[in-house]
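Trainee: This one is protein-v4.cif, mmCIF, C-alpha atoms and all ligand atoms.
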```cif
data_work
loop_
_atom_site.label_atom_id
_atom_site.label_comp_id
_atom_site.auth_asym_id
_atom_site.auth_seq_id
_atom_site.Cartn_x
_atom_site.Cartn_y
_atom_site.Cartn_z
CA MET W 1 4.23 11.32 -10.42
CA GLN W 2 7.87 10.65 -9.59
CA VAL W 3 9.57 7.35 -10.36
CA ILE W 4 12.60 6.27 -8.35
CA ILE W 5 14.57 3.23 -9.40
CA GLN W 6 16.76 1.45 -6.88
CA PRO W 7 19.28 -1.28 -7.66
CA ASP W 8 17.63 -4.06 -5.66
CA THR W 9 14.61 -4.95 -3.54
CA ALA W 10 16.26 -4.28 -0.19
CA THR W 11 17.39 -0.77 -1.21
CA ALA W 12 13.96 0.03 -2.66
CA ALA W 13 12.16 -1.17 0.49
CA ASN W 14 14.63 0.77 2.65
CA LEU W 15 13.86 3.99 0.77
CA VAL W 16 10.11 3.47 1.23
CA ALA W 17 10.60 2.77 4.96
CA ARG W 18 12.72 5.92 5.31
CA LEU W 19 10.01 8.01 3.68
CA VAL W 20 7.46 6.59 6.14
CA ALA W 21 9.84 7.25 9.06
CA ASP W 22 10.46 10.83 7.94
CA THR W 23 6.71 11.45 7.66
CA LEU W 24 6.32 10.27 11.27
CA LYS W 25 9.25 12.40 12.45
CA THR W 26 7.85 15.51 10.77
CA LYS W 27 4.30 14.84 11.97
CA PRO W 28 4.15 12.29 14.81
CA ALA W 29 0.32 12.24 14.67
CA SER W 30 0.33 11.29 10.99
CA VAL W 31 -2.39 9.13 9.50
CA ILE W 32 -0.64 6.37 7.58
CA GLY W 33 -2.39 4.18 5.03
CA LEU W 34 -0.98 0.65 5.07
CA ALA W 35 -0.87 -2.12 2.49
CA THR W 36 -0.44 -5.87 2.65
CA GLY W 37 1.24 -8.24 0.19
CA ARG W 38 4.68 -9.78 0.05
CA THR W 39 6.16 -6.59 -1.40
CA MET W 40 5.52 -4.72 1.85
CA GLU W 41 7.17 -7.26 4.14
CA PRO W 42 10.72 -5.83 3.91
CA VAL W 43 9.32 -2.31 4.46
CA TYR W 44 7.72 -3.40 7.74
CA GLU W 45 10.92 -5.19 8.74
CA ARG W 46 12.86 -1.96 8.28
CA LEU W 47 10.27 0.07 10.22
CA ILE W 48 10.57 -2.36 13.14
CA GLU W 49 14.36 -1.94 13.00
CA PHE W 50 14.02 1.87 13.00
CA HIS W 51 11.76 1.57 16.04
CA ARG W 52 14.12 -0.78 17.92
CA ASN W 53 17.41 0.81 16.97
CA ASP W 54 16.60 4.49 16.47
CA GLY W 55 13.50 4.91 18.64
CA LEU W 56 11.12 5.65 15.76
CA ASP W 57 7.91 6.57 17.60
CA PHE W 58 4.51 5.29 16.49
CA SER W 59 2.66 6.25 19.68
CA LYS W 60 0.82 9.21 18.20
CA CYS W 61 0.12 7.95 14.67
CA ARG W 62 -3.01 6.27 13.37
CA THR W 63 -3.17 3.71 10.59
CA PHE W 64 -5.81 2.66 8.09
CA ASN W 65 -5.23 -0.43 5.99
CA LEU W 66 -6.30 -0.43 2.37
CA ASP W 67 -8.41 -3.53 2.52
CA GLU W 68 -9.57 -6.71 4.26
CA TYR W 69 -11.10 -9.99 3.12
CA ALA W 70 -14.85 -10.27 3.78
CA GLY W 71 -16.06 -12.79 6.33
CA VAL W 72 -12.63 -13.59 7.73
CA LYS W 73 -12.14 -13.24 11.49
CA ALA W 74 -9.28 -11.18 12.92
CA ASP W 75 -7.52 -14.27 14.30
CA ASP W 76 -7.74 -16.17 10.98
CA PHE W 77 -4.24 -16.38 9.46
CA ARG W 78 -5.68 -15.20 6.13
CA SER W 79 -6.99 -11.93 7.53
CA TYR W 80 -5.06 -8.75 6.92
CA ARG W 81 -5.59 -7.86 10.59
CA HIS W 82 -3.68 -11.00 11.54
CA THR W 83 -1.01 -10.24 8.94
CA MET W 84 -0.54 -6.66 10.15
CA GLN W 85 -0.30 -7.72 13.79
CA LYS W 86 2.34 -10.30 12.92
CA LEU W 87 4.35 -8.18 10.49
CA LEU W 88 4.20 -4.79 12.21
CA PHE W 89 1.78 -3.85 14.99
CA ASP W 90 2.99 -6.42 17.55
CA HIS W 91 6.55 -5.09 17.23
CA ILE W 92 6.11 -1.32 17.51
CA ASN W 93 4.67 1.10 20.06
CA ILE W 94 1.43 1.81 18.21
CA ARG W 95 -1.80 2.05 20.23
CA PRO W 96 -4.00 -0.92 19.28
CA GLU W 97 -7.05 1.36 19.01
CA ALA W 98 -5.18 3.54 16.50
CA THR W 99 -4.92 0.72 13.96
CA HIS W 100 -7.87 0.35 11.59
CA LEU W 101 -8.97 -2.15 8.98
CA PRO W 102 -12.42 -2.44 7.40
CA ASP W 103 -14.82 -4.50 9.57
CA SER W 104 -15.00 -7.65 7.49
CA MET W 105 -17.30 -9.46 9.96
CA ALA W 106 -19.99 -6.76 10.00
CA ALA W 107 -23.55 -7.93 9.37
CA ASP W 108 -23.92 -5.12 6.83
CA LEU W 109 -20.72 -4.90 4.80
CA ASN W 110 -21.86 -1.86 2.81
CA GLN W 111 -22.47 0.00 6.05
CA ALA W 112 -19.04 -1.11 7.31
CA CYS W 113 -17.51 0.41 4.16
CA ALA W 114 -19.33 3.72 4.68
CA ASP W 115 -18.24 3.72 8.33
CA TYR W 116 -14.62 3.14 7.31
CA GLU W 117 -14.68 6.05 4.88
CA ASN W 118 -16.16 8.26 7.63
CA LYS W 119 -13.48 7.17 10.09
CA ILE W 120 -10.72 8.09 7.63
CA ASN W 121 -12.28 11.52 7.12
CA ALA W 122 -12.80 12.01 10.86
CA ALA W 123 -9.09 11.28 11.37
CA GLY W 124 -8.31 14.15 8.99
CA GLY W 125 -7.58 12.02 5.92
CA VAL W 126 -4.53 9.94 5.06
CA ASP W 127 -1.17 11.75 5.08
CA LEU W 128 0.82 8.97 3.45
CA GLN W 129 -0.73 5.98 1.68
CA LEU W 130 1.50 2.95 1.07
CA LEU W 131 0.62 0.89 -1.98
CA GLY W 132 1.62 -2.30 -3.70
CA ILE W 133 0.24 -3.42 -7.02
CA GLY W 134 -1.60 -6.62 -7.88
CA SER W 135 -0.59 -8.67 -10.90
CA ASN W 136 -3.65 -7.33 -12.75
CA GLY W 137 -2.79 -3.73 -11.87
CA HIS W 138 -5.10 -3.37 -8.88
CA ILE W 139 -4.48 -1.01 -5.98
CA GLY W 140 -6.05 -2.07 -2.71
CA PHE W 141 -8.55 -4.56 -4.09
CA ASN W 142 -9.80 -2.24 -6.83
CA GLU W 143 -10.02 -4.77 -9.61
CA PRO W 144 -10.01 -3.87 -13.33
CA LEU W 145 -12.93 -1.58 -14.26
CA SER W 146 -13.40 -0.33 -10.69
CA SER W 147 -14.70 3.20 -10.86
CA PHE W 148 -12.09 5.90 -10.40
CA SER W 149 -14.73 7.67 -8.28
CA SER W 150 -15.19 4.71 -5.93
CA LEU W 151 -15.05 5.11 -2.17
CA THR W 152 -14.59 2.21 0.26
CA HIS W 153 -16.73 -0.64 -1.06
CA VAL W 154 -17.16 -4.39 -1.35
CA GLU W 155 -15.32 -5.86 -4.33
CA PHE W 156 -15.72 -9.27 -5.97
CA LEU W 157 -12.23 -10.61 -6.59
CA THR W 158 -11.03 -11.65 -10.03
CA ALA W 159 -9.62 -15.07 -10.85
CA ALA W 160 -6.18 -13.46 -11.35
CA THR W 161 -6.21 -12.00 -7.83
CA ILE W 162 -7.43 -15.26 -6.31
CA ARG W 163 -4.53 -17.04 -8.03
CA GLN W 164 -2.01 -14.40 -6.94
CA ASN W 165 -3.09 -14.46 -3.29
CA ALA W 166 -3.50 -18.25 -3.06
CA GLY W 167 -0.02 -18.73 -1.57
CA LEU W 168 -0.77 -16.50 1.44
CA CYS W 169 -4.18 -18.12 2.04
CA GLY W 170 -3.22 -21.79 1.81
CA GLY W 171 -4.61 -22.50 -1.66
CA GLU W 172 -6.93 -20.95 -4.26
CA ASP W 173 -10.07 -22.42 -2.68
CA ARG W 174 -9.20 -20.72 0.63
CA VAL W 175 -9.01 -17.20 -0.86
CA PRO W 176 -12.21 -15.33 0.07
CA ARG W 177 -14.22 -14.23 -2.96
CA PHE W 178 -15.08 -10.77 -1.60
CA ALA W 179 -13.06 -8.02 0.02
CA LEU W 180 -13.69 -4.59 1.52
CA THR W 181 -11.36 -2.04 -0.01
CA MET W 182 -10.70 1.68 0.00
CA GLY W 183 -11.92 2.93 -3.36
CA VAL W 184 -9.77 4.52 -6.05
CA ALA W 185 -11.08 7.95 -5.01
CA THR W 186 -10.27 7.19 -1.35
CA ILE W 187 -6.68 6.47 -2.39
CA LEU W 188 -6.50 9.57 -4.60
CA ALA W 189 -7.63 11.68 -1.62
CA SER W 190 -4.48 10.79 0.36
CA ARG W 191 -2.03 13.66 0.67
CA ARG W 192 0.85 11.51 -0.62
CA ALA W 193 0.79 8.08 -2.26
CA LEU W 194 3.88 5.90 -2.11
CA MET W 195 3.98 2.71 -4.15
CA LEU W 196 6.63 0.00 -4.01
CA VAL W 197 7.00 -2.40 -6.93
CA THR W 198 9.62 -5.13 -6.97
CA GLY W 199 10.54 -8.13 -9.09
CA ALA W 200 10.74 -8.96 -12.78
CA ALA W 201 7.23 -10.44 -12.81
CA LYS W 202 5.77 -6.91 -12.55
CA ALA W 203 8.06 -5.24 -15.14
CA GLU W 204 5.58 -5.29 -18.03
CA LEU W 205 2.69 -4.17 -15.82
CA LEU W 206 4.73 -1.32 -14.33
CA ALA W 207 5.70 0.02 -17.77
CA ASN W 208 2.08 -0.19 -18.93
CA PHE W 209 0.80 1.74 -15.98
CA ILE W 210 3.51 4.41 -15.74
CA GLU W 211 4.10 5.05 -19.43
CA GLY W 212 0.85 3.79 -20.94
CA PRO W 213 -2.62 5.35 -20.99
CA VAL W 214 -4.78 5.91 -17.92
CA THR W 215 -7.36 3.14 -17.94
CA SER W 216 -9.62 1.54 -15.37
CA MET W 217 -8.38 -1.81 -16.74
CA ILE W 218 -5.26 -1.00 -14.66
CA THR W 219 -6.64 0.79 -11.62
CA ALA W 220 -3.12 1.82 -10.54
CA SER W 221 -3.02 4.10 -13.59
CA ALA W 222 -5.50 6.37 -11.74
CA LEU W 223 -2.45 7.46 -9.73
CA HIS W 224 -1.62 9.79 -12.63
CA TRP W 225 -4.41 11.92 -11.15
CA HIS W 226 -2.73 11.98 -7.73
CA ARG W 227 -1.07 15.29 -6.88
CA ASP W 228 1.86 13.74 -4.98
CA CYS W 229 2.59 10.18 -6.00
CA ILE W 230 5.96 8.46 -5.71
CA ILE W 231 6.66 5.09 -7.30
CA VAL W 232 9.72 3.26 -6.00
CA ALA W 233 10.79 0.28 -8.10
CA ASP W 234 13.73 -2.06 -8.01
CA ALA W 235 15.79 -2.51 -11.20
CA ALA W 236 14.03 -5.76 -12.09
CA ALA W 237 10.55 -4.20 -11.93
CA ALA W 238 11.79 -1.09 -13.79
CA ALA W 239 13.39 -3.04 -16.64
CA ASN W 240 10.67 -2.26 -19.23
CA LEU W 241 10.42 1.49 -18.54
CA LYS W 242 11.54 3.45 -21.60
CA ASN W 243 12.41 6.62 -19.69
CA ARG W 244 14.61 4.97 -17.05
CA ALA W 245 17.48 7.42 -17.64
CA GLY W 246 15.11 10.38 -17.21
CA TYR W 247 13.80 9.13 -13.87
CA GLN W 248 17.35 8.44 -12.73
CA PHE W 249 18.47 11.96 -13.70
CA ALA W 250 15.65 13.53 -11.68
CA PHE W 251 16.38 11.41 -8.59
CA GLU W 252 20.12 12.11 -8.74
CA ASN W 253 19.86 15.84 -9.38
CA ASN W 254 16.72 17.09 -7.68
CA PRO W 255 17.82 18.56 -4.31
CA ALA W 256 14.56 17.26 -2.80
CA TRP W 257 16.06 13.76 -2.92
CA ALA W 258 19.55 14.62 -1.65
CA ALA W 259 19.03 12.92 1.72
CA TYR W 260 17.83 9.70 0.08
CA ARG W 261 20.55 9.09 -2.50
C1 LIG G 301 -3.14 -7.89 -2.47
C2 LIG G 301 -3.47 -6.56 -1.85
C3 LIG G 301 -2.86 -5.41 -2.62
C4 LIG G 301 -1.40 -5.69 -2.89
C5 LIG G 301 -1.27 -6.96 -3.70
C6 LIG G 301 0.17 -7.23 -4.11
O1 LIG G 301 -3.96 -8.18 -3.55
N1 LIG G 301 -4.88 -6.34 -1.76
O2 LIG G 301 -2.99 -4.21 -1.87
O3 LIG G 301 -0.83 -4.62 -3.59
O4 LIG G 301 -1.78 -7.99 -2.87
O5 LIG G 301 0.68 -8.36 -3.53
P1 LIG G 301 2.20 -8.75 -3.58
O6 LIG G 301 2.94 -7.62 -2.94
O7 LIG G 301 2.26 -10.01 -2.79
O8 LIG G 301 2.56 -8.90 -5.02
#
```
Could I get this file's structure written as C-alpha cells?
Mentor:
Amino acid sequence: MQVIIQPDTATAANLVARLVADTLKTKPASVIGLATGRTMEPVYERLIEFHRNDGLDFSKCRTFNLDEYAGVKADDFRSYRHTMQKLLFDHINIRPEATHLPDSMAADLNQACADYENKINAAGGVDLQLLGIGSNGHIGFNEPLSSFSSLTHVEFLTAATIRQNAGLCGGEDRVPRFALTMGVATILASRRALMLVTGAAKAELLANFIEGPVTSMITASALHWHRDCIIVADAAAAANLKNRAGYQFAFENNPAWAAYR
C-alpha cells in the first residue's frame, strides 16, 4: 500500500484523475472500476476537462461500477446509473454499452450479482478500481463484517450508511435498504486499487484503517491484502496518520512519482 498526501481536496482529486488518465493513455482498452459518492465528483470533473481540453479518449475503455441500489430504476435520481450519466458518461466519448452497473431491477438479484461477476471476468478483470470510503469504513457497499472472500452480492445497508447517503437520496426514508455490490474479493482482484479520501470527518477512520489492524469491521482494511493499492488523501483526511512524514518522504523521493509531484 502506498499513501500519498496532498495539500487540499482539489490537488488530491487531480492526482487521482491523472492516474486514471495515464492508465487510459497506456492502455486505451482498460477496464476501469468506478465509484460513486461526493468524494469522486471532483475526479469526474477533472476527467471531463481532460477529455474536452486534451482529448483524453474513452472510446475503447469499459467501466464497471462498484455498486447500485436494489430496486431503483436507471432514471431514478437516486440510482448510481443516473448519477454516473450525469457526472461522467454524458460528457465523455464512452460507448454506452461499455458502461456497466449491477442490474438492480432484475427479478433475481442473486443471479444479477453472479452475472455481473462473470461480466467483469469476461472483460479480463479490472485494471484500475477507483474507491471511496464510507463513514463506517465500507468499500463499495461492503458493510462491516462482510466476508473478505465475498464476490458481487446483495448487501443489507447499515443505519450508518443510510444516514450518510440520505443527502443524495432526498432523506433517510428514501435510501434503499439493499444494494448490489462488488464483493471485497472482487475489489482485491483488480490489478490496481486507487482510493481517494478527503475531509476532516474521515481522519480518524483513515488512520484506523491504514495504521490499525486488518479487520472486517472496517472492510477497507482488506486493501492491505491488495498487491497494488494507492491511497490518496488530502491533508485534512490525513491529519491523524502517525507516519505522515514517512509517506511524504516516499512520494517526494521515489522516482516512480516524479511526474506527479
Ligand atoms: C457510498 C458508496 C461508496 C462510497 C461512499 C462514500 O456508500 N457505496 O462506494 O465510497 O458512498 O461516499 P462519500 O464520498 O459521499 O463520502
Trainee: Could you list as a ChimeraX atom specification every residue that has an atom within 12 Å of (11.4, 11.5, 10.4), using the file's coordinates and counting all atoms listed in the file?
Mentor: /W:17-30,47,50-51,54-58,259
Trainee: Which one of W:Arg227, W:Arg78, W:Lys119, W:Ser59 sits closest to Pro96 in chain W if you count all atoms listed in the file?
Mentor: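 Of W:Arg227, W:Arg78, W:Lys119, W:Ser59, the one nearest Pro96 in chain W, counting all atoms listed in the file, is W:Ser59.
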Trainee: Measuring atom to atom with only C-alpha atoms, identify which of W:Leu15, W:Leu206, W:Ala200, W:Val175 is nearest to Ala236 in chain W.
Mentor: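 Of W:Leu15, W:Leu206, W:Ala200, W:Val175, the one nearest Ala236 in chain W is W:Ala200, counting only C-alpha atoms.
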Trainee: Would you mind listing what lies within 6 Å of Asp234 in chain W as a ChimeraX atom specification, with only C-alpha atoms counted and same-chain residues fewer than 4 positions away left out?
Mentor: /W:5-9,12,198
Trainee: Save the residues we just selected, C-alpha atoms, as a short mmCIF file (atom, residue, chain, number, x, y, z; two decimals), in the frame of the given file?
Mentor:
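Produced file again.cif, reproduced below:
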```
data_model
loop_
_atom_site.label_atom_id
_atom_site.label_comp_id
_atom_site.auth_asym_id
_atom_site.auth_seq_id
_atom_site.Cartn_x
_atom_site.Cartn_y
_atom_site.Cartn_z
CA ILE W 5 14.57 3.23 -9.40
CA GLN W 6 16.76 1.45 -6.88
CA PRO W 7 19.28 -1.28 -7.66
CA ASP W 8 17.63 -4.06 -5.66
CA THR W 9 14.61 -4.95 -3.54
CA ALA W 12 13.96 0.03 -2.66
CA THR W 198 9.62 -5.13 -6.97
#
```
Trainee: What's the 12 Å shell around Gln164 in chain W, counting all atoms listed in the file, without same-chain residues fewer than 2 positions away, as an NGL selection string?
Mentor: :W and (37-38 or 133-138 or 157-162 or 166-172 or 175 or 201)
Trainee: Can you work out which one of W:Arg261, W:Arg192, W:Pro144, W:Ile231 has the shortest atom-to-atom distance to Leu128 in chain W, counting only C-alpha atoms?
Mentor: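 Answer, going by the shortest atom-to-atom distance: W:Arg192.
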Trainee: List every residue of range 127-158 of chain W that has an atom at most 12 Å from any atom of range 100-113 of chain W, and for each one report the closest atom pair and its distance in Å to one decimal, counting only C-alpha atoms, with rows sorted by chain and then by increasing residue number, as a Markdown table.
Mentor:
```
| residue | atom | partner | partner_atom | distance |
| --- | --- | --- | --- | --- |
| W:Gly140 | CA | W:Pro102 | CA | 12.0 |
| W:Ser150 | CA | W:Cys113 | CA | 11.2 |
| W:Leu151 | CA | W:Cys113 | CA | 8.3 |
| W:Thr152 | CA | W:Cys113 | CA | 5.2 |
| W:His153 | CA | W:Cys113 | CA | 5.4 |
| W:Val154 | CA | W:Asn110 | CA | 6.8 |
| W:Glu155 | CA | W:Asn110 | CA | 10.5 |
```
Trainee: Keeping only C-alpha atoms, write those residues as a PDB file, in the frame of the given file.
Mentor:
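Final output, saved to out14.pdb:
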```
ATOM      1  CA  GLY W 140      -6.050  -2.070  -2.710  1.00  0.00           C
ATOM      2  CA  SER W 150     -15.190   4.710  -5.930  1.00  0.00           C
ATOM      3  CA  LEU W 151     -15.050   5.110  -2.170  1.00  0.00           C
ATOM      4  CA  THR W 152     -14.590   2.210   0.260  1.00  0.00           C
ATOM      5  CA  HIS W 153     -16.730  -0.640  -1.060  1.00  0.00           C
ATOM      6  CA  VAL W 154     -17.160  -4.390  -1.350  1.00  0.00           C
ATOM      7  CA  GLU W 155     -15.320  -5.860  -4.330  1.00  0.00           C
TER       8      GLU W 155
END
```
Trainee: Just the residues within 12 Å of Ala233 in chain W, please, counting all atoms listed in the file, with nothing from its chain fewer than 5 positions along; format it as a PyMOL selection string.
Mentor: chain W and resi 2-16+39+131-133+194-200+202-203+206-207+210+238-241+244+247-248
Trainee: Take the residues from that selection and write them out as an mmCIF file, in the coordinates of the input, keeping C-alpha atoms.
Mentor:
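And here is the file that came out, out_29.cif:
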```
data_model
loop_
_atom_site.group_PDB
_atom_site.id
_atom_site.type_symbol
_atom_site.label_atom_id
_atom_site.label_comp_id
_atom_site.auth_asym_id
_atom_site.auth_seq_id
_atom_site.Cartn_x
_atom_site.Cartn_y
_atom_site.Cartn_z
ATOM 1 C CA GLN W 2 7.870 10.650 -9.590
ATOM 2 C CA VAL W 3 9.570 7.350 -10.360
ATOM 3 C CA ILE W 4 12.600 6.270 -8.350
ATOM 4 C CA ILE W 5 14.570 3.230 -9.400
ATOM 5 C CA GLN W 6 16.760 1.450 -6.880
ATOM 6 C CA PRO W 7 19.280 -1.280 -7.660
ATOM 7 C CA ASP W 8 17.630 -4.060 -5.660
ATOM 8 C CA THR W 9 14.610 -4.950 -3.540
ATOM 9 C CA ALA W 10 16.260 -4.280 -0.190
ATOM 10 C CA THR W 11 17.390 -0.770 -1.210
ATOM 11 C CA ALA W 12 13.960 0.030 -2.660
ATOM 12 C CA ALA W 13 12.160 -1.170 0.490
ATOM 13 C CA ASN W 14 14.630 0.770 2.650
ATOM 14 C CA LEU W 15 13.860 3.990 0.770
ATOM 15 C CA VAL W 16 10.110 3.470 1.230
ATOM 16 C CA THR W 39 6.160 -6.590 -1.400
ATOM 17 C CA LEU W 131 0.620 0.890 -1.980
ATOM 18 C CA GLY W 132 1.620 -2.300 -3.700
ATOM 19 C CA ILE W 133 0.240 -3.420 -7.020
ATOM 20 C CA LEU W 194 3.880 5.900 -2.110
ATOM 21 C CA MET W 195 3.980 2.710 -4.150
ATOM 22 C CA LEU W 196 6.630 0.000 -4.010
ATOM 23 C CA VAL W 197 7.000 -2.400 -6.930
ATOM 24 C CA THR W 198 9.620 -5.130 -6.970
ATOM 25 C CA GLY W 199 10.540 -8.130 -9.090
ATOM 26 C CA ALA W 200 10.740 -8.960 -12.780
ATOM 27 C CA LYS W 202 5.770 -6.910 -12.550
ATOM 28 C CA ALA W 203 8.060 -5.240 -15.140
ATOM 29 C CA LEU W 206 4.730 -1.320 -14.330
ATOM 30 C CA ALA W 207 5.700 0.020 -17.770
ATOM 31 C CA ILE W 210 3.510 4.410 -15.740
ATOM 32 C CA ALA W 238 11.790 -1.090 -13.790
ATOM 33 C CA ALA W 239 13.390 -3.040 -16.640
ATOM 34 C CA ASN W 240 10.670 -2.260 -19.230
ATOM 35 C CA LEU W 241 10.420 1.490 -18.540
ATOM 36 C CA ARG W 244 14.610 4.970 -17.050
ATOM 37 C CA TYR W 247 13.800 9.130 -13.870
ATOM 38 C CA GLN W 248 17.350 8.440 -12.730
#
```
Trainee: Smallest atom-to-atom distance to Ala220 in chain W: which of W:Val232, W:Ile187, W:Val72, W:Ile139, using only C-alpha atoms?
Mentor: W:Ile139
Trainee: Which one of W:Ala179, W:Val31, W:Val126, W:Ile94 sits closest to ligand LIG 301 (chain G) if you count all atoms listed in the file?
Mentor: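 Using all atoms listed in the file, the shortest distance to ligand LIG 301 (chain G) belongs to W:Ala179.
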Trainee: Quick one: everything within 7 Å of Ser79 in chain W, counting all atoms listed in the file, minus sequence neighbours fewer than 5 positions away in the same chain. Send it as a PDB file with C-alpha atoms, in the frame of the given file.
Mentor:
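Result file result.pdb:
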```pdb
ATOM      1  CA  GLU W  68      -9.570  -6.710   4.260  1.00  0.00           C
ATOM      2  CA  TYR W  69     -11.100  -9.990   3.120  1.00  0.00           C
ATOM      3  CA  VAL W  72     -12.630 -13.590   7.730  1.00  0.00           C
ATOM      4  CA  LYS W  73     -12.140 -13.240  11.490  1.00  0.00           C
ATOM      5  CA  ALA W  74      -9.280 -11.180  12.920  1.00  0.00           C
TER       6      ALA W  74
END
```
Trainee: Go ahead and compute the interatomic distance for CA of Gly125 in chain W and atom C1 of ligand LIG 301 (chain G), in Å to one decimal.
Mentor: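 These atoms are spaced 22.1 Å apart.
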Trainee: What does the distance from CA of Glu143 in chain W to CA of Arg163 in chain W come to in Å, to one decimal?
Mentor: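 That distance, rounded to one decimal, is 13.5 Å.
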